[in-house]
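Engineer: Following this line is my_file08.cif, made up of mmCIF, C-alpha atoms:
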```cif
data_run
#
loop_
_atom_site.label_atom_id
_atom_site.label_comp_id
_atom_site.auth_asym_id
_atom_site.auth_seq_id
_atom_site.Cartn_x
_atom_site.Cartn_y
_atom_site.Cartn_z
CA MET A 1120 -12.89 171.80 129.39
CA GLU A 1121 -12.73 171.78 133.17
CA GLU A 1122 -14.13 168.84 135.07
CA LYS A 1123 -15.77 169.75 138.39
CA GLY A 1124 -17.73 167.73 140.88
CA ILE A 1125 -17.33 164.48 139.00
CA SER A 1126 -18.32 161.49 141.06
CA GLN A 1127 -15.66 159.12 142.36
CA ALA A 1128 -17.59 156.31 140.64
CA VAL A 1129 -16.90 157.89 137.23
CA ILE A 1130 -13.28 158.56 138.20
CA GLY A 1131 -12.96 154.98 139.36
CA ARG A 1132 -13.90 153.82 135.84
CA LEU A 1133 -11.40 156.05 134.01
CA PRO A 1134 -8.36 153.78 134.58
CA ARG A 1135 -10.25 150.91 132.97
CA TYR A 1136 -11.09 153.01 129.90
CA PHE A 1137 -7.46 154.06 129.83
CA ARG A 1138 -6.33 150.44 129.92
CA TYR A 1139 -8.62 149.34 127.07
CA LEU A 1140 -7.77 152.37 124.94
CA GLY A 1141 -4.07 151.70 125.46
CA GLU A 1142 -4.57 148.19 124.11
CA LEU A 1143 -6.58 149.43 121.12
CA LYS A 1144 -3.89 152.01 120.39
CA ASP A 1145 -1.18 149.31 120.58
CA GLU A 1146 -3.21 147.21 118.14
CA GLY A 1147 -3.32 150.14 115.71
CA VAL A 1148 -7.07 150.83 116.02
CA GLU A 1149 -7.72 154.46 115.05
CA ARG A 1150 -11.41 154.97 115.72
CA ILE A 1151 -13.96 153.19 117.90
CA SER A 1152 -17.67 153.71 118.51
CA SER A 1153 -19.22 153.63 121.95
CA GLN A 1154 -21.03 150.45 120.81
CA GLU A 1155 -17.76 148.70 119.93
CA LEU A 1156 -16.11 149.85 123.18
CA SER A 1157 -19.22 148.68 125.02
CA GLY A 1158 -18.87 145.18 123.53
CA LEU A 1159 -15.19 145.00 124.47
CA MET A 1160 -15.56 146.25 128.01
CA GLY A 1161 -18.88 144.70 128.98
CA VAL A 1162 -20.51 148.00 129.98
CA THR A 1163 -23.41 149.67 128.17
CA ALA A 1164 -22.74 152.19 125.40
CA SER A 1165 -25.00 154.58 127.25
CA GLN A 1166 -22.82 154.32 130.37
CA ILE A 1167 -19.74 155.07 128.27
CA ARG A 1168 -21.36 158.14 126.69
CA GLN A 1169 -22.56 159.39 130.07
CA ASP A 1170 -19.11 158.94 131.59
CA PHE A 1171 -17.41 160.72 128.71
CA ASN A 1172 -19.97 163.57 128.77
CA ASN A 1173 -18.55 164.52 132.17
CA PHE A 1174 -15.46 165.61 130.29
CA GLY A 1175 -17.13 167.22 127.29
CA GLY A 1176 -17.81 164.04 125.34
CA PHE A 1177 -14.45 163.59 123.56
CA GLY A 1178 -15.70 164.05 120.02
CA GLN A 1179 -18.46 163.10 117.60
CA GLN A 1180 -20.56 160.09 118.43
CA GLY A 1181 -21.60 159.36 114.84
CA TYR A 1182 -18.03 158.91 113.73
CA GLY A 1183 -16.88 157.15 116.89
CA TYR A 1184 -14.03 158.30 119.05
CA ASN A 1185 -10.47 158.90 117.92
CA VAL A 1186 -8.58 156.29 119.98
CA GLU A 1187 -5.29 158.18 120.21
CA PHE A 1188 -7.01 161.42 121.20
CA LEU A 1189 -9.27 159.72 123.75
CA TYR A 1190 -6.30 157.88 125.24
CA SER A 1191 -4.25 161.03 125.64
CA GLU A 1192 -7.19 163.03 127.00
CA ILE A 1193 -7.95 160.40 129.66
CA SER A 1194 -4.24 160.20 130.44
CA ARG A 1195 -4.18 163.96 130.98
CA ILE A 1196 -7.36 163.90 133.10
CA LEU A 1197 -5.81 161.18 135.28
CA GLY A 1198 -2.74 163.35 135.74
CA LEU A 1199 -0.54 160.76 134.03
CA ASP A 1200 1.17 163.45 131.96
CA LYS A 1201 2.67 164.74 135.21
CA THR A 1202 5.47 163.19 137.23
CA HIS A 1203 4.84 162.02 140.78
CA HIS A 1204 7.57 161.06 143.22
CA LEU A 1205 6.74 158.15 145.44
CA ILE A 1206 8.28 156.22 148.28
CA ILE A 1207 7.43 152.79 149.59
CA ILE A 1208 7.25 152.16 153.32
CA GLY A 1209 7.72 148.44 153.97
CA ALA A 1210 10.18 146.43 151.89
CA GLY A 1211 8.54 143.04 152.37
CA ASN A 1212 7.24 140.96 149.47
CA LEU A 1213 4.39 143.33 148.67
CA GLY A 1214 6.58 146.44 148.87
CA GLN A 1215 9.15 144.77 146.61
CA ALA A 1216 6.46 143.63 144.18
CA LEU A 1217 5.13 147.18 143.84
CA GLY A 1218 8.66 148.61 143.65
CA ASN A 1219 9.58 146.24 140.86
CA TYR A 1220 6.50 146.99 138.81
CA MET A 1221 7.99 148.96 135.91
CA ASN A 1222 4.66 150.03 134.53
CA PHE A 1223 4.17 152.57 137.30
CA GLU A 1224 7.28 154.38 136.08
CA ARG A 1225 5.86 154.51 132.54
CA ARG A 1226 2.80 156.29 133.97
CA GLY A 1227 4.89 158.95 135.66
CA PHE A 1228 5.06 157.43 139.15
CA ILE A 1229 8.77 157.58 139.94
CA LEU A 1230 10.02 155.46 142.83
CA LYS A 1231 12.49 157.61 144.79
CA GLY A 1232 12.98 155.63 147.99
CA ILE A 1233 12.06 152.53 149.91
CA PHE A 1234 12.13 152.22 153.68
CA ASP A 1235 11.85 149.47 156.25
CA LYS A 1236 12.44 149.19 159.98
CA ASN A 1237 13.99 145.73 159.60
CA PRO A 1238 17.82 146.12 159.56
CA ALA A 1239 18.15 142.84 157.62
CA LEU A 1240 16.58 144.57 154.61
CA HIS A 1241 18.66 147.76 154.73
CA GLY A 1242 20.85 148.08 151.64
CA LYS A 1243 18.87 145.46 149.71
CA LYS A 1244 18.19 146.84 146.26
CA VAL A 1245 14.79 147.12 144.65
CA ARG A 1246 15.38 148.33 141.10
CA GLU A 1247 18.68 150.09 141.93
CA ILE A 1248 17.17 151.71 145.02
CA ALA A 1249 18.60 150.57 148.34
CA VAL A 1250 16.21 150.02 151.24
CA GLN A 1251 16.81 152.65 153.93
CA PRO A 1252 16.07 152.62 157.66
CA MET A 1253 12.85 154.26 158.84
CA GLU A 1254 14.84 156.85 160.82
CA THR A 1255 15.77 158.59 157.55
CA VAL A 1256 12.28 158.85 156.07
CA GLU A 1257 11.24 162.22 157.51
CA GLN A 1258 14.25 164.08 156.16
CA PHE A 1259 14.02 162.21 152.87
CA VAL A 1260 10.40 163.23 152.34
CA ARG A 1261 11.15 166.87 153.12
CA GLU A 1262 14.19 167.05 150.84
CA ASN A 1263 13.00 165.06 147.83
CA ASN A 1264 9.62 166.55 147.02
CA ILE A 1265 7.76 163.30 147.61
CA ASP A 1266 4.04 163.36 146.73
CA ILE A 1267 2.91 159.82 147.34
CA ALA A 1268 3.73 157.27 150.04
CA VAL A 1269 2.88 153.63 149.49
CA LEU A 1270 2.23 151.86 152.80
CA THR A 1271 2.91 148.13 152.77
CA ILE A 1272 3.38 147.74 156.51
CA PRO A 1273 1.26 146.04 159.17
CA LYS A 1274 -1.86 147.69 160.45
CA SER A 1275 -0.29 148.17 163.89
CA SER A 1276 2.24 150.75 162.65
CA ALA A 1277 0.37 152.22 159.66
CA VAL A 1278 -1.58 154.89 161.53
CA GLU A 1279 1.50 156.30 163.29
CA VAL A 1280 3.67 156.18 160.16
CA ALA A 1281 0.97 157.93 158.14
CA GLU A 1282 0.88 160.78 160.68
CA VAL A 1283 4.66 161.23 160.49
CA LEU A 1284 4.59 161.25 156.69
CA VAL A 1285 1.77 163.78 156.53
CA ALA A 1286 3.55 166.03 159.05
CA ASN A 1287 6.54 166.02 156.68
CA GLY A 1288 4.62 166.97 153.57
CA ILE A 1289 3.23 163.81 151.97
CA LYS A 1290 0.08 164.70 150.01
CA ALA A 1291 -1.26 161.26 149.13
CA ILE A 1292 -1.13 157.77 150.61
CA TRP A 1293 -1.66 154.54 148.72
CA ASN A 1294 -2.49 152.34 151.66
CA PHE A 1295 -2.16 148.54 151.64
CA ALA A 1296 -2.20 148.25 155.43
CA HIS A 1297 -5.34 146.52 156.62
CA VAL A 1298 -6.81 149.60 158.28
CA ASP A 1299 -8.75 152.59 156.96
CA LEU A 1300 -6.53 155.61 157.55
CA HIS A 1301 -8.04 158.85 158.76
CA VAL A 1302 -5.92 161.81 157.73
CA PRO A 1303 -6.26 165.61 157.82
CA GLU A 1304 -8.45 167.41 155.28
CA GLY A 1305 -6.63 167.79 151.99
CA ILE A 1306 -4.55 164.61 152.29
CA LEU A 1307 -5.63 161.94 149.85
CA VAL A 1308 -5.84 158.28 150.75
CA GLU A 1309 -6.57 155.35 148.52
CA ASN A 1310 -7.07 152.22 150.61
CA VAL A 1311 -6.40 148.87 148.94
CA HIS A 1312 -7.84 146.07 151.02
CA LEU A 1313 -6.76 143.01 149.08
CA SER A 1314 -8.78 140.57 151.13
CA ASP A 1315 -12.01 142.50 150.48
CA SER A 1316 -12.03 141.30 146.90
CA LEU A 1317 -11.20 137.74 147.99
CA MET A 1318 -14.23 137.84 150.30
CA LYS A 1319 -16.39 139.08 147.43
CA LEU A 1320 -15.20 136.08 145.43
CA SER A 1321 -16.01 133.82 148.37
CA TYR A 1322 -19.53 135.30 148.61
CA ASN A 1323 -20.20 134.70 144.93
CA LEU A 1324 -18.75 131.19 145.06
CA GLU A 1325 -21.04 130.39 147.99
CA ARG A 1326 -24.16 131.78 146.27
CA TYR A 1327 -23.29 129.99 143.05
CA SER A 1328 -22.87 126.60 144.71
CA GLN A 1329 -26.17 127.12 146.58
CA SER A 1330 -28.05 128.00 143.41
CA LYS A 1331 -26.62 124.91 141.71
CA LYS A 1332 -27.79 122.75 144.62
CA GLU A 1333 -31.26 124.26 144.41
CA GLN A 1334 -31.43 123.62 140.67
CA GLY A 1335 -29.97 120.15 140.90
CA MET B 485 -33.16 134.18 155.43
CA GLU B 486 -32.09 133.68 151.84
CA GLU B 487 -30.46 136.51 149.98
CA LYS B 488 -31.26 136.70 146.26
CA GLY B 489 -30.45 139.22 143.60
CA ILE B 490 -28.38 141.41 145.86
CA SER B 491 -26.35 143.97 143.98
CA GLN B 492 -22.60 143.56 143.69
CA ALA B 493 -22.28 147.06 145.14
CA VAL B 494 -23.86 145.87 148.41
CA ILE B 495 -21.72 142.73 148.37
CA GLY B 496 -18.64 144.83 147.74
CA ARG B 497 -19.36 146.71 150.99
CA LEU B 498 -19.80 143.59 153.16
CA PRO B 499 -16.05 142.93 153.68
CA ARG B 500 -15.65 146.45 155.05
CA TYR B 501 -18.50 145.95 157.52
CA PHE B 502 -16.91 142.63 158.41
CA ARG B 503 -13.55 144.32 159.06
CA TYR B 504 -15.01 147.04 161.29
CA LEU B 505 -17.17 144.59 163.22
CA GLY B 506 -14.15 142.34 163.78
CA GLU B 507 -12.30 145.29 165.31
CA LEU B 508 -15.27 146.22 167.52
CA LYS B 509 -15.55 142.61 168.64
CA ASP B 510 -11.81 142.51 169.46
CA GLU B 511 -12.27 145.69 171.51
CA GLY B 512 -15.06 144.03 173.47
CA VAL B 513 -17.91 146.19 172.12
CA GLU B 514 -21.18 144.27 172.47
CA ARG B 515 -23.78 146.46 170.78
CA ILE B 516 -23.57 149.25 168.23
CA SER B 517 -26.20 151.47 166.63
CA SER B 518 -26.27 152.22 162.93
CA GLN B 519 -25.48 155.84 163.90
CA GLU B 520 -22.34 154.83 165.78
CA LEU B 521 -21.25 152.48 162.99
CA SER B 522 -21.94 155.29 160.52
CA GLY B 523 -19.62 157.63 162.43
CA LEU B 524 -16.86 155.04 162.52
CA MET B 525 -17.07 154.02 158.88
CA GLY B 526 -17.86 157.34 157.26
CA VAL B 527 -21.00 156.11 155.51
CA THR B 528 -24.55 157.23 156.30
CA ALA B 529 -26.64 155.33 158.86
CA SER B 530 -29.34 155.07 156.22
CA GLN B 531 -26.91 153.34 153.84
CA ILE B 532 -26.00 150.86 156.56
CA ARG B 533 -29.65 150.08 157.33
CA GLN B 534 -30.44 149.71 153.62
CA ASP B 535 -27.48 147.38 153.13
CA PHE B 536 -28.43 145.25 156.14
CA ASN B 537 -32.08 145.12 155.09
CA ASN B 538 -30.97 143.05 152.10
CA PHE B 539 -30.22 140.30 154.61
CA GLY B 540 -33.23 140.73 156.86
CA GLY B 541 -31.91 143.67 158.89
CA PHE B 542 -29.86 141.77 161.53
CA GLY B 543 -31.92 142.79 164.54
CA GLN B 544 -33.71 145.67 166.24
CA GLN B 545 -32.67 149.15 165.21
CA GLY B 546 -33.77 150.82 168.45
CA TYR B 547 -31.45 148.69 170.52
CA GLY B 548 -28.60 148.73 168.04
CA TYR B 549 -26.97 145.64 166.57
CA ASN B 550 -25.40 142.82 168.51
CA VAL B 551 -21.77 143.03 167.31
CA GLU B 552 -20.91 139.36 167.76
CA PHE B 553 -24.11 138.22 165.98
CA LEU B 554 -23.70 140.73 163.15
CA TYR B 555 -20.05 139.71 162.70
CA SER B 556 -20.87 136.02 162.51
CA GLU B 557 -23.87 136.59 160.20
CA ILE B 558 -21.79 138.63 157.75
CA SER B 559 -19.03 136.04 158.00
CA ARG B 560 -21.55 133.33 157.07
CA ILE B 561 -23.01 135.40 154.22
CA LEU B 562 -19.50 135.94 152.85
CA GLY B 563 -18.95 132.18 152.97
CA LEU B 564 -16.10 132.60 155.46
CA ASP B 565 -17.47 129.77 157.60
CA LYS B 566 -16.56 127.41 154.73
CA THR B 567 -13.11 126.26 153.72
CA HIS B 568 -11.78 127.10 150.28
CA HIS B 569 -8.69 125.55 148.75
CA LEU B 570 -6.58 127.88 146.74
CA ILE B 571 -3.45 127.81 144.64
CA ILE B 572 -1.22 130.65 143.55
CA ILE B 573 0.09 130.78 140.00
CA GLY B 574 3.20 132.93 139.91
CA ALA B 575 5.70 132.80 142.78
CA GLY B 576 7.19 136.26 142.26
CA ASN B 577 7.08 138.94 144.94
CA LEU B 578 3.34 139.44 144.69
CA GLY B 579 2.58 135.70 144.72
CA GLN B 580 4.83 135.26 147.75
CA ALA B 581 3.29 138.27 149.49
CA LEU B 582 -0.20 136.79 149.08
CA GLY B 583 1.01 133.32 150.02
CA ASN B 584 2.58 134.62 153.22
CA TYR B 585 -0.48 136.53 154.27
CA MET B 586 -1.66 134.44 157.21
CA ASN B 587 -4.95 136.26 157.58
CA PHE B 588 -6.36 134.51 154.51
CA GLU B 589 -5.97 131.19 156.29
CA ARG B 590 -7.90 132.54 159.29
CA ARG B 591 -10.77 133.33 156.90
CA GLY B 592 -10.88 129.79 155.53
CA PHE B 593 -8.77 130.33 152.41
CA ILE B 594 -6.27 127.48 152.62
CA LEU B 595 -3.20 127.71 150.41
CA LYS B 596 -2.63 124.23 148.92
CA GLY B 597 -0.05 124.88 146.21
CA ILE B 598 2.06 127.47 144.48
CA PHE B 599 3.32 127.20 140.91
CA ASP B 600 5.76 129.02 138.70
CA LYS B 601 7.31 128.36 135.31
CA ASN B 602 10.69 129.69 136.46
CA PRO B 603 12.89 126.70 137.46
CA ALA B 604 14.93 128.95 139.77
CA LEU B 605 11.91 129.21 142.05
CA HIS B 606 11.02 125.50 142.12
CA GLY B 607 11.37 124.08 145.61
CA LYS B 608 11.48 127.51 147.26
CA LYS B 609 9.13 127.44 150.23
CA VAL B 610 6.30 129.84 150.85
CA ARG B 611 4.91 129.00 154.28
CA GLU B 612 6.01 125.34 154.15
CA ILE B 613 4.69 124.93 150.62
CA ALA B 614 7.30 124.33 147.93
CA VAL B 615 6.89 126.09 144.59
CA GLN B 616 6.11 123.52 141.86
CA PRO B 617 6.62 123.67 138.10
CA MET B 618 3.66 124.68 135.93
CA GLU B 619 3.64 121.25 134.27
CA THR B 620 2.13 119.75 137.43
CA VAL B 621 -0.69 122.23 137.90
CA GLU B 622 -3.41 120.48 135.88
CA GLN B 623 -3.13 117.21 137.76
CA PHE B 624 -2.80 119.05 141.07
CA VAL B 625 -6.03 120.99 140.52
CA ARG B 626 -7.93 117.84 139.55
CA GLU B 627 -6.67 115.81 142.52
CA ASN B 628 -6.83 118.38 145.32
CA ASN B 629 -10.29 119.85 145.04
CA ILE B 630 -9.01 123.36 144.36
CA ASP B 631 -11.71 126.07 144.21
CA ILE B 632 -9.76 129.26 143.73
CA ALA B 633 -6.71 130.12 141.64
CA VAL B 634 -4.81 133.32 142.34
CA LEU B 635 -3.09 134.62 139.21
CA THR B 636 0.01 136.72 139.84
CA ILE B 637 1.56 136.22 136.42
CA PRO B 638 2.12 138.60 133.51
CA LYS B 639 -0.77 139.55 131.29
CA SER B 640 0.79 137.70 128.35
CA SER B 641 0.26 134.26 129.90
CA ALA B 642 -2.77 134.92 132.12
CA VAL B 643 -5.45 134.25 129.50
CA GLU B 644 -3.99 130.89 128.46
CA VAL B 645 -3.32 129.77 132.05
CA ALA B 646 -6.86 130.72 133.08
CA GLU B 647 -8.26 128.52 130.30
CA VAL B 648 -6.20 125.53 131.42
CA LEU B 649 -7.25 126.00 135.05
CA VAL B 650 -10.93 126.28 134.17
CA ALA B 651 -10.72 123.18 131.98
CA ASN B 652 -9.40 121.31 135.02
CA GLY B 653 -12.13 122.39 137.40
CA ILE B 654 -11.19 125.75 138.94
CA LYS B 655 -14.37 127.62 139.87
CA ALA B 656 -13.02 131.04 140.75
CA ILE B 657 -10.07 133.20 139.76
CA TRP B 658 -8.59 136.01 141.80
CA ASN B 659 -6.79 137.80 139.02
CA PHE B 660 -3.88 140.18 139.55
CA ALA B 661 -2.70 139.98 135.92
CA HIS B 662 -3.20 143.28 134.17
CA VAL B 663 -5.90 142.01 131.83
CA ASP B 664 -9.65 141.49 132.24
CA LEU B 665 -10.21 137.75 131.92
CA HIS B 666 -13.19 136.45 129.99
CA VAL B 667 -14.19 133.01 131.21
CA PRO B 668 -17.09 130.62 130.61
CA GLU B 669 -20.48 131.24 132.26
CA GLY B 670 -20.43 130.07 135.86
CA ILE B 671 -16.73 130.71 136.48
CA LEU B 672 -16.16 133.61 138.84
CA VAL B 673 -13.44 136.18 138.34
CA GLU B 674 -12.42 138.99 140.61
CA ASN B 675 -9.95 141.26 138.83
CA VAL B 676 -7.56 143.30 140.95
CA HIS B 677 -5.94 146.03 138.91
CA LEU B 678 -3.57 147.58 141.40
CA SER B 679 -2.60 150.47 139.19
CA ASP B 680 -6.24 151.53 138.76
CA SER B 681 -6.33 152.78 142.33
CA LEU B 682 -2.97 154.51 141.90
CA MET B 683 -4.42 156.35 138.88
CA LYS B 684 -7.45 157.38 140.91
CA LEU B 685 -5.05 158.80 143.49
CA SER B 686 -3.20 160.62 140.71
CA TYR B 687 -6.48 162.09 139.41
CA ASN B 688 -7.46 163.40 142.83
CA LEU B 689 -3.96 164.76 143.47
CA GLU B 690 -4.12 166.62 140.17
CA ARG B 691 -7.57 168.09 140.82
CA TYR B 692 -6.60 169.08 144.34
CA SER B 693 -3.47 170.93 143.25
CA GLN B 694 -5.48 172.71 140.52
CA SER B 695 -8.16 173.82 142.96
CA LYS B 696 -5.48 175.15 145.30
CA LYS B 697 -3.93 177.15 142.43
CA GLU B 698 -7.33 178.60 141.54
CA GLN B 699 -7.96 179.60 145.16
CA GLY B 700 -4.48 180.92 145.80
#
```
Can you give me the file's structure in the form of structure tokens?

Structural biologist:
Amino acid sequence: MEEKGISQAVIGRLPRYFRYLGELKDEGVERISSQELSGLMGVTASQIRQDFNNFGGFGQQGYGYNVEFLYSEISRILGLDKTHHLIIIGAGNLGQALGNYMNFERRGFILKGIFDKNPALHGKKVREIAVQPMETVEQFVRENNIDIAVLTIPKSSAVEVAEVLVANGIKAIWNFAHVDLHVPEGILVENVHLSDSLMKLSYNLERYSQSKKEQG
Amino acid sequence: MEEKGISQAVIGRLPRYFRYLGELKDEGVERISSQELSGLMGVTASQIRQDFNNFGGFGQQGYGYNVEFLYSEISRILGLDKTHHLIIIGAGNLGQALGNYMNFERRGFILKGIFDKNPALHGKKVREIAVQPMETVEQFVRENNIDIAVLTIPKSSAVEVAEVLVANGIKAIWNFAHVDLHVPEGILVENVHLSDSLMKLSYNLERYSQSKKEQG
């Protein structure tokens, strides 16, 4: 079953399915209906069926889904059965937090190197990997088959660093710098703007307190 | 102009508009058309106009938008003209990274306290604020008018901690724990699952390498 032209909205929901199915699997649940999954996840059963139909449906509706099968299929679709080599650029608190997050390794994202321009951080170990100076990153990327670069550096240097990485063969950037990166065709970027979600929270907090005032 | 029943998808896009308008403002740009903004942001001009129409349109289309006005209106809509008090639960790398991020303060999110159950971290300062033991958090929340709690703790304790915080008056949770929190009606939660976006990147990387193989 090949999946073509699937919307990024559907793809964006797959990790959440994956997360819930992983928990069900860990709890020993063998089968689950779209209705039960709907109740757990707070999305409609119809949405779940539509999403899964993009990938051939994953089995009989009447009998529910086989949790183990569904989990491993979604894992495969997400490319989590493959190994990706990643490096982190920026060994500050956020870079260290991401570097120390063991779960990424379990999903096939292998941290190979961590780089920072600050000499005070050079040699500091993040999970057995010593922070290296930025001068070494180009050669490192070329020689170590690195797929993904994680950018946890300020906005001011992110654009330039991204260009250097791409020129040396990086295929994907997981960007935490507070700037939308524009990269050549074929290079993938996933921007994580942490403060965007804080602002969304602020919006909803504001609306909620207004609606309480109006009611009260 | 009161904004009611606006979809979370529209709201989710406001911080990005806010970010781009802030940059335009810093560059001294005074007016911008929806077409120009569209080119910058990589969304259609029609999407931009539709989004803005939810809030009354923000001014004449023919003449473009006044950048300063649009920026301050979106800021107000997002509640960024108000001050919010926040605490961070979990003083690990991620908690420290968020605590050190000065930009939040500029947006009215004032860090009032940081808590951790690990005694080794107690007293450690994150931007002049000493990490406190978890035992003090309930009283602190009650006495300091705290609106928002940031959870950067493991999944295993997040659910219980969230309950305690809500019982003591927290209105909103910015959740980085790898679990979807279920809280009482009226409490706001914004879940940030960092690895979800890494999985999305992995999916797209996988599809892209497959399509190259098929072509080549």

Engineer: Evaluated on this file, the PyMOL selection byres ((chain A and resi 1239-1248) around 12) picks out some residues - which ones are they, written as an mmCIF file with C-alpha atoms, in the coordinates of the input?

Structural biologist:
```
data_model
loop_
_atom_site.group_PDB
_atom_site.id
_atom_site.type_symbol
_atom_site.label_atom_id
_atom_site.label_comp_id
_atom_site.auth_asym_id
_atom_site.auth_seq_id
_atom_site.Cartn_x
_atom_site.Cartn_y
_atom_site.Cartn_z
ATOM 1 C CA ILE A 1206 8.280 156.220 148.280
ATOM 2 C CA ILE A 1207 7.430 152.790 149.590
ATOM 3 C CA GLY A 1209 7.720 148.440 153.970
ATOM 4 C CA ALA A 1210 10.180 146.430 151.890
ATOM 5 C CA GLY A 1211 8.540 143.040 152.370
ATOM 6 C CA ASN A 1212 7.240 140.960 149.470
ATOM 7 C CA LEU A 1213 4.390 143.330 148.670
ATOM 8 C CA GLY A 1214 6.580 146.440 148.870
ATOM 9 C CA GLN A 1215 9.150 144.770 146.610
ATOM 10 C CA ALA A 1216 6.460 143.630 144.180
ATOM 11 C CA LEU A 1217 5.130 147.180 143.840
ATOM 12 C CA GLY A 1218 8.660 148.610 143.650
ATOM 13 C CA ASN A 1219 9.580 146.240 140.860
ATOM 14 C CA TYR A 1220 6.500 146.990 138.810
ATOM 15 C CA MET A 1221 7.990 148.960 135.910
ATOM 16 C CA GLU A 1224 7.280 154.380 136.080
ATOM 17 C CA ILE A 1229 8.770 157.580 139.940
ATOM 18 C CA LEU A 1230 10.020 155.460 142.830
ATOM 19 C CA LYS A 1231 12.490 157.610 144.790
ATOM 20 C CA GLY A 1232 12.980 155.630 147.990
ATOM 21 C CA ILE A 1233 12.060 152.530 149.910
ATOM 22 C CA PHE A 1234 12.130 152.220 153.680
ATOM 23 C CA ASP A 1235 11.850 149.470 156.250
ATOM 24 C CA LYS A 1236 12.440 149.190 159.980
ATOM 25 C CA ASN A 1237 13.990 145.730 159.600
ATOM 26 C CA PRO A 1238 17.820 146.120 159.560
ATOM 27 C CA ALA A 1249 18.600 150.570 148.340
ATOM 28 C CA VAL A 1250 16.210 150.020 151.240
ATOM 29 C CA GLN A 1251 16.810 152.650 153.930
ATOM 30 C CA PRO A 1252 16.070 152.620 157.660
ATOM 31 C CA MET A 1253 12.850 154.260 158.840
ATOM 32 C CA GLU A 1254 14.840 156.850 160.820
ATOM 33 C CA THR A 1255 15.770 158.590 157.550
ATOM 34 C CA ASN B 577 7.080 138.940 144.940
#
```

Engineer: With the cut-off set at 6 Å and counting all atoms listed in the file, tabulate each residue of chain A with an atom at most that distance from an atom of chain B, showing the nearest atom pair and its distance in Å to one decimal, ordered by chain and increasing number, as a Markdown table.

Structural biologist:
```
| residue | atom | partner | partner_atom | distance |
| --- | --- | --- | --- | --- |
| A:Pro1134 | CA | B:Asp680 | CA | 5.2 |
| A:Leu1197 | CA | B:Tyr687 | CA | 4.3 |
| A:Gly1198 | CA | B:Tyr687 | CA | 5.4 |
| A:Asn1212 | CA | B:Ala581 | CA | 4.8 |
| A:Leu1213 | CA | B:Ala581 | CA | 5.2 |
| A:Ala1216 | CA | B:Asn577 | CA | 4.8 |
| A:Asp1315 | CA | B:Pro499 | CA | 5.2 |
| A:Ser1321 | CA | B:Gly563 | CA | 5.7 |
| A:Tyr1322 | CA | B:Leu562 | CA | 4.3 |
| A:Glu1325 | CA | B:Gly563 | CA | 5.7 |
```

Engineer: Out of B:Gly548, B:Arg533, B:Arg590, B:Lys697, which residue has the shortest atom-to-atom distance to Asp565 (chain B) when counting only C-alpha atoms?

Structural biologist: B:Arg590

Engineer: Got a sec to resolve the PyMOL selection byres ((chain A and resi 1151) around 8) on this structure and send the residues as a ChimeraX atom specification?

Structural biologist: /A:1148-1150,1152-1153,1155-1156,1183-1186

Engineer: As an exercise, work out the distance from CA of Ala646 (chain B) to CA of Leu665 (chain B) in Å and give it to one decimal place.

Structural biologist: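 CA of Ala646 (chain B) sits 7.9 Å away from CA of Leu665 (chain B).
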
Engineer: Work out how far CA of Ile532 (chain B) is from CA of Phe553 (chain B), in Å to one decimal.

Structural biologist: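 Answer for the CA of Phe553 (chain B) to CA of Ile532 (chain B) separation: 15.9 Å.
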
Engineer: Calculate how many Å separate CA of Leu1284 (chain A) from CA of Glu1257 (chain A), rounding to one decimal.

Structural biologist: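 Calculated distance between CA of Leu1284 (chain A) and CA of Glu1257 (chain A) is 6.8 Å.
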
Engineer: Taking only C-alpha atoms into account, which of A:Tyr1182, A:Gln1334, A:Ser1276, A:Asn1173 comes nearest Gln1154 (chain A)?

Structural biologist: A:Tyr1182

Engineer: Calculate, to one decimal in Å, the centre and edge lengths of the box along x, y and z of the file that holds all listed atoms of region 1143-1153 of chain A with 3 Å of margin on each side, and present them as JSON.

Structural biologist:
```
{"center_x": -10.2, "center_y": 151.1, "center_z": 118.5, "size_x": 24.0, "size_y": 13.8, "size_z": 12.9}
```

Engineer: If we count only C-alpha atoms, what is near Glu1262 (chain A) at a cut-off of 10 Å, once residues fewer than 4 positions away on the same chain are taken out, given as a list in words?

Structural biologist: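 That gives Val1256, Glu1257, Gln1258, Asn1287 and Gly1288 of chain A.
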
Engineer: Between A:His1204, A:Phe1174, A:Asn1263, A:Val1283, which one has atoms that come closest to Glu1192 (chain A), using all atoms listed in the file?

Structural biologist: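 Ranked by minimum distance to Glu1192 (chain A), first place goes to A:Phe1174.
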